[in-house]
$ cat work17.tsv   # TSV, C-alpha atoms
chain	number	residue	atom	x	y	z
A	1	MET	CA	22.74	60.52	-99.09
A	2	PRO	CA	24.00	63.85	-100.43
A	3	LEU	CA	22.88	64.76	-103.91
A	4	LEU	CA	26.44	64.84	-105.21
A	5	SER	CA	26.88	61.23	-104.10
A	6	LEU	CA	23.62	60.32	-105.82
A	7	SER	CA	24.87	61.97	-108.98
A	8	ARG	CA	28.10	59.97	-108.86
A	9	THR	CA	26.27	56.76	-108.06
A	10	PHE	CA	23.86	57.07	-110.96
A	11	SER	CA	26.60	58.26	-113.29
A	12	ALA	CA	28.55	55.15	-112.39
A	13	ILE	CA	25.65	52.77	-113.08
A	14	SER	CA	24.24	54.59	-116.12
A	15	PRO	CA	25.45	53.05	-119.36
A	16	ALA	CA	28.07	55.19	-121.06
A	17	PRO	CA	26.97	56.80	-124.31
A	18	PRO	CA	28.44	55.28	-127.48
A	19	ARG	CA	31.78	56.83	-128.41
A	20	GLN	CA	31.68	59.12	-131.37
A	21	PRO	CA	34.58	60.48	-133.33
A	22	SER	CA	35.97	63.65	-131.83
A	23	SER	CA	34.90	66.76	-133.70
A	24	GLY	CA	36.97	69.09	-131.56
A	25	ALA	CA	34.07	70.23	-129.34
A	26	PRO	CA	33.36	68.22	-126.18
A	27	LYS	CA	30.01	66.46	-126.11
A	28	LEU	CA	27.79	66.92	-123.07
A	29	ARG	CA	26.55	63.75	-121.49
A	30	ARG	CA	22.81	63.74	-120.75
A	31	ARG	CA	21.59	62.28	-117.50
A	32	THR	CA	18.80	59.79	-117.78
A	33	PRO	CA	15.28	60.94	-116.81
A	34	LEU	CA	15.45	58.40	-113.98
A	35	PHE	CA	18.25	60.40	-112.35
A	36	GLY	CA	16.17	63.59	-112.33
A	37	ALA	CA	13.18	61.78	-110.89
A	38	LEU	CA	15.30	60.23	-108.13
A	39	CYS	CA	16.77	63.63	-107.27
A	40	LEU	CA	13.28	65.10	-106.89
A	41	LEU	CA	12.12	62.15	-104.79
A	42	SER	CA	15.21	62.50	-102.57
A	43	LEU	CA	14.53	66.19	-102.03
A	44	GLY	CA	10.91	65.45	-101.13
A	45	THR	CA	12.00	62.74	-98.70
A	46	LEU	CA	14.59	65.03	-97.07
A	47	THR	CA	12.00	67.76	-96.67
A	48	ALA	CA	9.39	65.36	-95.24
A	49	ILE	CA	11.90	63.90	-92.76
A	50	GLY	CA	12.95	67.39	-91.73
A	51	PHE	CA	9.39	68.49	-91.02
A	52	ARG	CA	8.56	65.28	-89.12
A	53	SER	CA	11.69	65.42	-87.02
A	54	GLY	CA	11.38	69.12	-86.28
A	55	CYS	CA	14.50	69.86	-88.30
A	56	ALA	CA	12.77	71.49	-91.25
A	57	ALA	CA	14.71	74.72	-91.04
A	58	GLN	CA	18.03	72.89	-90.95
A	59	SER	CA	17.04	70.51	-93.77
A	60	LEU	CA	15.79	73.31	-95.99
A	61	SER	CA	18.78	75.54	-95.31
A	62	ARG	CA	21.06	72.82	-96.68
A	63	LEU	CA	19.18	72.96	-99.97
A	64	HIS	CA	20.01	76.63	-100.62
A	65	PHE	CA	21.51	75.76	-104.00
A	66	LEU	CA	18.02	75.26	-105.42
A	67	GLY	CA	17.30	78.97	-105.22
A	68	SER	CA	14.70	80.91	-103.28
A	69	LYS	CA	11.93	80.16	-105.77
A	70	ALA	CA	12.24	76.39	-105.37
A	71	ILE	CA	11.59	76.26	-101.62
A	72	ALA	CA	9.44	78.51	-99.51
A	73	LYS	CA	11.05	79.67	-96.30
A	74	PRO	CA	9.99	77.61	-93.27
A	75	SER	CA	7.60	79.10	-90.80
A	76	THR	CA	9.14	80.57	-87.67
A	77	ARG	CA	6.09	79.51	-85.68
A	78	GLY	CA	7.03	76.81	-83.18
A	79	LEU	CA	5.14	73.66	-82.33
A	80	HIS	CA	3.95	75.17	-79.04
A	81	SER	CA	1.58	77.46	-80.91
A	82	THR	CA	-0.23	74.52	-82.50
A	83	GLY	CA	-1.98	73.26	-79.40
A	84	MET	CA	-1.15	74.40	-75.92
A	85	GLU	CA	-1.17	78.19	-76.29
A	86	ALA	CA	-4.35	78.16	-78.35
A	87	ALA	CA	-6.23	76.34	-75.62
A	88	SER	CA	-6.96	78.72	-72.75
A	89	THR	CA	-8.49	75.88	-70.75
A	90	THR	CA	-5.16	74.04	-70.41
A	91	VAL	CA	-1.77	74.76	-68.85
A	92	PRO	CA	1.71	74.09	-70.25
A	93	SER	CA	2.20	70.38	-69.68
A	94	ILE	CA	5.11	67.95	-69.83
A	95	VAL	CA	5.93	64.27	-70.00
A	96	VAL	CA	8.59	63.16	-67.53
A	97	TYR	CA	10.65	59.97	-67.78
A	98	VAL	CA	11.85	58.28	-64.61
A	99	THR	CA	13.46	54.84	-64.48
A	100	VAL	CA	13.15	52.56	-61.45
A	101	PRO	CA	14.91	49.27	-60.64
A	102	ASN	CA	11.84	47.01	-60.44
A	103	LYS	CA	8.05	46.65	-60.36
A	104	ASP	CA	7.66	47.25	-56.62
A	105	ALA	CA	9.70	50.47	-56.75
A	106	GLY	CA	7.67	51.59	-59.78
A	107	ILE	CA	4.32	50.98	-58.12
A	108	LYS	CA	5.39	52.68	-54.89
A	109	LEU	CA	6.79	55.78	-56.63
A	110	ALA	CA	3.89	56.07	-59.11
A	111	GLU	CA	1.30	55.90	-56.33
A	112	SER	CA	3.10	58.48	-54.20
A	113	ILE	CA	3.32	60.88	-57.17
A	114	ILE	CA	-0.41	60.56	-57.87
A	115	LYS	CA	-1.31	60.80	-54.16
A	116	GLU	CA	0.60	64.11	-53.90
A	117	LYS	CA	-1.20	65.37	-57.08
A	118	LEU	CA	2.18	65.92	-58.72
A	119	ALA	CA	0.90	64.24	-61.89
A	120	ALA	CA	-2.35	63.26	-63.53
A	121	CYS	CA	-1.10	59.90	-64.77
A	122	VAL	CA	1.91	57.62	-64.47
A	123	ASN	CA	2.39	54.81	-66.99
A	124	ARG	CA	4.61	51.94	-65.89
A	125	VAL	CA	6.51	50.27	-68.72
A	126	PRO	CA	8.13	47.04	-67.52
A	127	GLY	CA	10.97	45.13	-69.12
A	128	ILE	CA	13.26	47.83	-70.41
A	129	GLN	CA	17.02	47.30	-70.66
A	130	SER	CA	19.19	50.28	-69.80
A	131	VAL	CA	22.77	50.45	-70.99
A	132	TYR	CA	24.66	53.38	-69.49
A	133	TRP	CA	28.02	54.69	-68.32
A	134	TRP	CA	28.52	54.64	-64.52
A	135	ASP	CA	31.58	54.36	-62.26
A	136	GLY	CA	33.94	54.36	-65.22
A	137	LYS	CA	32.39	51.43	-67.08
A	138	ILE	CA	29.39	50.33	-69.11
A	139	GLN	CA	26.51	49.05	-66.99
A	140	THR	CA	23.45	47.07	-68.12
A	141	ASP	CA	20.33	46.76	-65.98
A	142	SER	CA	16.74	45.62	-66.29
A	143	GLU	CA	14.49	48.47	-65.22
A	144	GLU	CA	10.97	49.81	-65.42
A	145	LEU	CA	10.17	53.17	-67.05
A	146	LEU	CA	7.68	55.59	-65.55
A	147	ILE	CA	6.07	57.97	-68.05
A	148	ILE	CA	4.58	60.82	-66.04
A	149	LYS	CA	2.12	63.43	-67.40
A	150	THR	CA	1.94	66.65	-65.42
A	151	ARG	CA	1.99	70.45	-65.45
A	152	GLU	CA	5.24	72.13	-66.43
A	153	SER	CA	5.02	74.22	-63.25
A	154	LEU	CA	5.23	71.06	-61.11
A	155	LEU	CA	8.56	69.83	-62.52
A	156	GLY	CA	10.61	71.18	-59.60
A	157	ALA	CA	8.36	69.63	-56.96
A	158	LEU	CA	8.14	66.36	-58.90
A	159	THR	CA	11.94	66.20	-59.24
A	160	GLU	CA	12.40	66.73	-55.49
A	161	HIS	CA	9.75	64.09	-54.74
A	162	VAL	CA	11.49	61.55	-56.99
A	163	LYS	CA	14.91	62.30	-55.47
A	164	SER	CA	13.50	61.90	-51.94
A	165	ASN	CA	11.63	58.67	-52.67
A	166	HIS	CA	14.00	56.87	-55.05
A	167	GLU	CA	16.62	54.28	-54.20
A	168	TYR	CA	19.09	55.43	-56.89
A	169	GLU	CA	21.86	57.83	-55.98
A	170	VAL	CA	21.15	59.86	-59.14
A	171	PRO	CA	17.62	59.10	-60.38
A	172	GLU	CA	16.65	59.92	-63.95
A	173	VAL	CA	14.18	62.79	-64.25
A	174	ILE	CA	13.88	64.02	-67.83
A	175	ALA	CA	11.09	66.34	-68.97
A	176	LEU	CA	9.74	66.79	-72.50
A	177	PRO	CA	7.15	69.40	-73.49
A	178	ILE	CA	3.67	68.39	-74.59
A	179	THR	CA	3.10	70.55	-77.66
A	180	GLY	CA	-0.50	69.60	-78.37
A	181	GLY	CA	-2.98	66.76	-78.34
A	182	ASN	CA	-6.49	65.88	-77.28
A	183	LEU	CA	-7.84	69.05	-75.65
A	184	LYS	CA	-10.01	67.06	-73.20
A	185	TYR	CA	-6.97	65.04	-72.08
A	186	LEU	CA	-4.88	68.18	-71.64
A	187	GLU	CA	-7.67	69.74	-69.58
A	188	TRP	CA	-7.78	66.55	-67.49
A	189	ILE	CA	-4.02	66.90	-66.75
A	190	LYS	CA	-4.71	70.44	-65.50
A	191	ASP	CA	-7.72	69.41	-63.41
A	192	SER	CA	-6.00	66.36	-61.90
A	193	THR	CA	-2.89	68.11	-60.59
A	194	ARG	CA	-2.25	70.68	-57.93
A	195	SER	CA	-1.76	74.30	-58.92

$ encode --input "work17.tsv" --output "structure tokens"
Amino acid sequence: MPLLSLSRTFSAISPAPPRQPSSGAPKLRRRTPLFGALCLLSLGTLTAIGFRSGCAAQSLSRLHFLGSKAIAKPSTRGLHSTGMEAASTTVPSIVVYVTVPNKDAGIKLAESIIKEKLAACVNRVPGIQSVYWWDGKIQTDSEELLIIKTRESLLGALTEHVKSNHEYEVPEVIALPITGGNLKYLEWIKDSTRS
């Protein structure tokens, strides 16, 4: 909720000060200490959400009215520098999502990916419901999700393998970067996949 809306909300629920006879000069209305505390808590929450969601720079830039002394400028260092680049024993790695129509298709595709050393691990997540737009209308299907951990350099080969071994006309292949984690696990991804 924007701070201006908070201000209006708390102004609306704060009891009005007793009316005093007009002395010609307008009286300033004091906000209750509760309002100030809530504003500070809201700013802290916005900042925390921004940093957790990776939107810290955007969240902080919206708070420019507080002045440069109130908020330190966010770091320009990306998440990649926190784990993967620092570890010379690993390679850039990714997580790839692929949906399949059923358990048998999931097992078959997962095993073929591992056999070809296109990934170190494939998790099969049964029982997902997919709602999507296809052929001009909303479709709903029960599917299984494959979560594939592999090297970034293998994405092209993995995508081609999925397209060649999948029964969908347009199979889902979506890659997300792994920005850090357990160094031993990241080394295992490197060691378990082809170069």

$ closest_residue --input "work17.tsv" --among "A:Thr99, A:Asn182, A:Thr140, A:Ser88" --to "Val170 in chain A" --atoms "all atoms listed in the file"
A:Thr99

$ atom_distance --input "work17.tsv" --atom1 "CA of Ile107 in chain A" --atom2 "CA of Arg151 in chain A"
20.9 Å

$ residues_around --input "work17.tsv" --residues "Pro92 in chain A" --least-positions-apart "2" --cutoff "9 Å" --atoms "all atoms listed in the file" --output "list in words"
Met84, Glu85, Thr90, Ile94, Thr150, Arg151, Glu152, Ser153, Pro177, Ile178, Thr179, Leu186 and Lys190 of chain A

$ atom_distance --input "work17.tsv" --atom1 "CA of Lys117 in chain A" --atom2 "CA of Val173 in chain A"
17.2 Å

$ atom_distance --input "work17.tsv" --atom1 "CA of Ser130 in chain A" --atom2 "CA of Leu145 in chain A"
9.9 Å

$ residues_around --input "work17.tsv" --residues "Ser112 in chain A" --least-positions-apart "6" --cutoff "12 Å" --atoms "all atoms listed in the file" --output "list in words"
Ala105, Gly106, Leu118, Ala119, Ala120, Cys121, Val122, Leu158, His161, Val162, Ser164, Asn165 and His166 of chain A

$ residues_near_point --input "work17.tsv" --point "(0.0, 53.5, -63.3)" --cutoff "10 Å" --atoms "all atoms listed in the file" --output "number ranges by chain"
A: 106-107, 109-111, 114, 121-125, 146-148

$ closest_residue --input "work17.tsv" --among "A:Glu116, A:Glu144, A:Glu172, A:Glu160" --to "Thr193 in chain A" --atoms "all atoms listed in the file"
A:Glu116

$ closest_residue --input "work17.tsv" --among "A:Ile113, A:Ser192, A:Gly181, A:Asn102" --to "Lys163 in chain A" --atoms "only C-alpha atoms"
A:Ile113
